[in-house]
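Right, one structure below, let's go through it.
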Amino acid sequence: MTGPPRPCVVAALVTRQRRDLLSEALTALAEQSRPPDATIVVDNASTDGTALMVREAFPAVELVRLERNTGGAGGFAVALSRALELDADLVWLMDDDTVPRPAALEALLEARERATPSPALVASRVVWTDGRAHPMNTPRTKPRARRWEREAAVTAGCEPIRSASFVSVLVDADAARRCGPPIADYFLWNDDFEFTTRLLRGRLGLLCPRSEVVHKTRTFGSTDADPGDRFFYEVRNKVWLFTRSRGLAPGERVLYAVSTARRWGRTFLRSSDRATLWRCLVRGLASGLRAGPRPNSRVLGDLTTSAQGRGGP
């Protein structure tokens, strides 16, 4: 008797202006004990030679070049949609500064195979360059996980989670098709939180400690580090998330809103430029309450792309 068919795994990375880190990430993908069946790179209008590097050093990688920067949210929306067009069974979403350990994908697949029911998402353990767990990318453990979720997690050697970041997540393609893609208008921040909470509402999500990736951020820090002008996106997108997303149940909205308020308080206390944060807070609240995110068709519809097919010139 033969076992179940080998799933088709498509790795999908989003990049902008980080040619050397992307090269390191793609090299690590090629050296996986169980390599992905295909790899896509969505380039957010880089001008640092990223496209040429991918063409010359990784000709088997499919490169999708966006003519303007759509942020991480737009890039992952494009990446996931393209992976689904390739009939992927599973999509491994990953940042361009993520370097997976050699057995990272194999561990994700093993956890997925051992869990019953099959999870909609399995996330990797994220560490910084010195091996410490990265506080910026710790998936949120699911509060009040149901018994069947806890049992499935234990069977797979994992933990049940409610959300995860795009640093390294293996997503079930069928669940993603039913859930819909990330919301491109988020641009940056909270796009992964919104997408994964929406994906995992009523579905199983797991954190697999055996799958480890190194997130090569410039500094070691958490999400309450001083964000400067980018705090606008944190505020606006959180308003959208709590008022317009279907990812969170009513009780969860209260729980995460309280957690967000506490984190914003820590951000203000630690900031050396609170005037900028106050301006971003006011602008973000006004923008988020005035209108919701635009449909992806509108945000990405006028976007021209150029692509390098697998094995193409």
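Within each chain, counting starts at residue 1; across the structure tokens, chains are named A, B, ... in the order shown, with ligands numbered 1 upward in that order.
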
Please identify all polymer residues within 7 Å of A:Phe166, counting only C-alpha atoms, omitting same-chain residues fewer than 4 positions from it, and present them as an MDAnalysis selection string. chainID A and resid 93:95 192

Counting only C-alpha atoms, what is within 7 Å of stretch 35-50 of chain A, bar same-chain residues fewer than 2 positions away, as an MDAnalysis selection string? chainID A and resid 8:17 19 29:33 52:54 61:70 75 79

Which residues in stretch 133-261 of chain A does DSSP call strand (DSSP E or B)? List them as a PyMOL selection string. chain A and resi 133+140-141+159-163+168-172+205-215

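The closest residue to A:Ala286, picked from A:Arg236, A:Ala152, A:Gly131, A:Leu86 and counting only C-alpha atoms, is A:Arg236.
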
Would you pick out the contacts of A:Arg101 at 8 Å or less, using only C-alpha atoms, so that residues sharing its chain but fewer than 5 positions from it are not included, and give the list as JSON, numbers by chain? {"A": [28, 32, 211, 212, 213, 214]}

List the spatial neighbours of A:Arg290 as a VMD selection string - criterion: any atom at most 12 Å away, only C-alpha atoms, same-chain residues fewer than 5 positions off excluded. chain A and resid 236 239 to 240 243 to 244 283 to 285

Leaving out A:Pro182 and any residue of its chain fewer than 3 positions from it, which residues lie within 7 Å of it when counting only C-alpha atoms, given as a compact mmCIF listing (two decimals) with C-alpha atoms, in the first residue's frame?
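Output file part.txt follows:
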# COMPACT_ATOMS: atom_id res chain seq x y z
CA ALA A 73 0.10 43.48 3.07
CA PHE A 76 1.54 38.87 0.64
CA ALA A 77 -1.89 39.27 -0.98
CA ASP A 191 -2.16 42.49 8.08
CA PHE A 195 -5.47 37.39 8.10

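Remark: for A:Arg114, the closest of the candidate residues A:Pro100, A:Gly157, A:Gly205, A:Pro143 is A:Gly157 (distances computed over only C-alpha atoms).
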
Closest of A:Ala88, A:Val99, A:Val235, A:Ala107 to A:Ala173, counting only C-alpha atoms, is A:Ala88

Per DSSP on the backbone, filter stretch 26-202 of chain A down to the residues in helix (DSSP H, G or I) and report them as a VMD selection string. chain A and resid 26 to 30 50 to 57 71 to 85 104 to 114 135 to 137 147 to 156 173 to 179 184 to 186 191 to 200

Take atom CA of A:Asp185 and atom CA of A:Leu300 and report the distance between them in Å, one decimal.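 That distance, rounded to one decimal, is 9.0 Å.
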
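Between atom CA of A:Ala133 and atom CA of A:Lys216 the separation is 12.0 Å.
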
For A:Ala249: contacts at 12 Å, only C-alpha atoms, fewer than 3 positions along chain excluded, given as a list of chain:residue names: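 In the requested form, the answer reads A:Arg162, A:Thr197, A:Arg198, A:Leu200, A:Arg201, A:Gly202, A:Leu241, A:Phe242, A:Thr243, A:Arg244, A:Ser245, A:Arg246, A:Glu252, A:Arg253, A:Val254, A:Leu255, A:Tyr256.
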
With C-alpha atoms retained, export the selected residues as a PDB file, in the first residue's frame.
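Result written to result.pdb:
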ATOM      1  CA  ARG A 162      -5.018  32.042  17.686  1.00  0.00           C
ATOM      2  CA  THR A 197      -7.255  35.405  13.020  1.00  0.00           C
ATOM      3  CA  ARG A 198      -9.711  35.278  10.126  1.00  0.00           C
ATOM      4  CA  LEU A 200      -8.166  30.432  12.301  1.00  0.00           C
ATOM      5  CA  ARG A 201     -11.643  31.428  13.424  1.00  0.00           C
ATOM      6  CA  GLY A 202     -13.234  28.026  13.932  1.00  0.00           C
ATOM      7  CA  LEU A 241      -9.373  45.064  12.753  1.00  0.00           C
ATOM      8  CA  PHE A 242     -11.564  45.645  15.799  1.00  0.00           C
ATOM      9  CA  THR A 243     -14.468  47.292  13.952  1.00  0.00           C
ATOM     10  CA  ARG A 244     -14.581  45.745  10.483  1.00  0.00           C
ATOM     11  CA  SER A 245     -12.742  42.401  10.367  1.00  0.00           C
ATOM     12  CA  ARG A 246     -14.592  39.130  10.837  1.00  0.00           C
ATOM     13  CA  GLU A 252     -11.985  38.431  21.580  1.00  0.00           C
ATOM     14  CA  ARG A 253     -12.319  42.004  20.348  1.00  0.00           C
ATOM     15  CA  VAL A 254     -12.557  43.200  23.943  1.00  0.00           C
ATOM     16  CA  LEU A 255      -9.649  41.009  25.059  1.00  0.00           C
ATOM     17  CA  TYR A 256      -7.308  42.132  22.277  1.00  0.00           C
TER      18      TYR A 256
END

For atom CA of A:Thr141 and atom CA of A:Ala123, quote the distance in Å rounded to one decimal.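 Computing the Euclidean distance for atom CA of A:Thr141 and atom CA of A:Ala123 yields 11.4 Å.
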
So that I can see what lies close to A:Ala115, please list as a VMD selection string the residues with an atom at most 8 Å from it, counting only C-alpha atoms and leaving out residues fewer than 4 positions away in the same chain. chain A and resid 111 119 152 to 153 155 to 156

Include C-alpha atoms and write out the residues we just selected as a compact mmCIF listing (two decimals), in the first residue's frame.
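Written output follows (again-v2.txt):
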# COMPACT_ATOMS: atom_id res chain seq x y z
CA ALA A 111 3.28 18.38 12.71
CA PRO A 119 -4.66 22.43 10.89
CA ALA A 152 -4.59 17.81 18.58
CA ALA A 153 -1.72 20.09 19.58
CA THR A 155 -0.48 14.80 19.51
CA ALA A 156 1.52 16.92 17.07
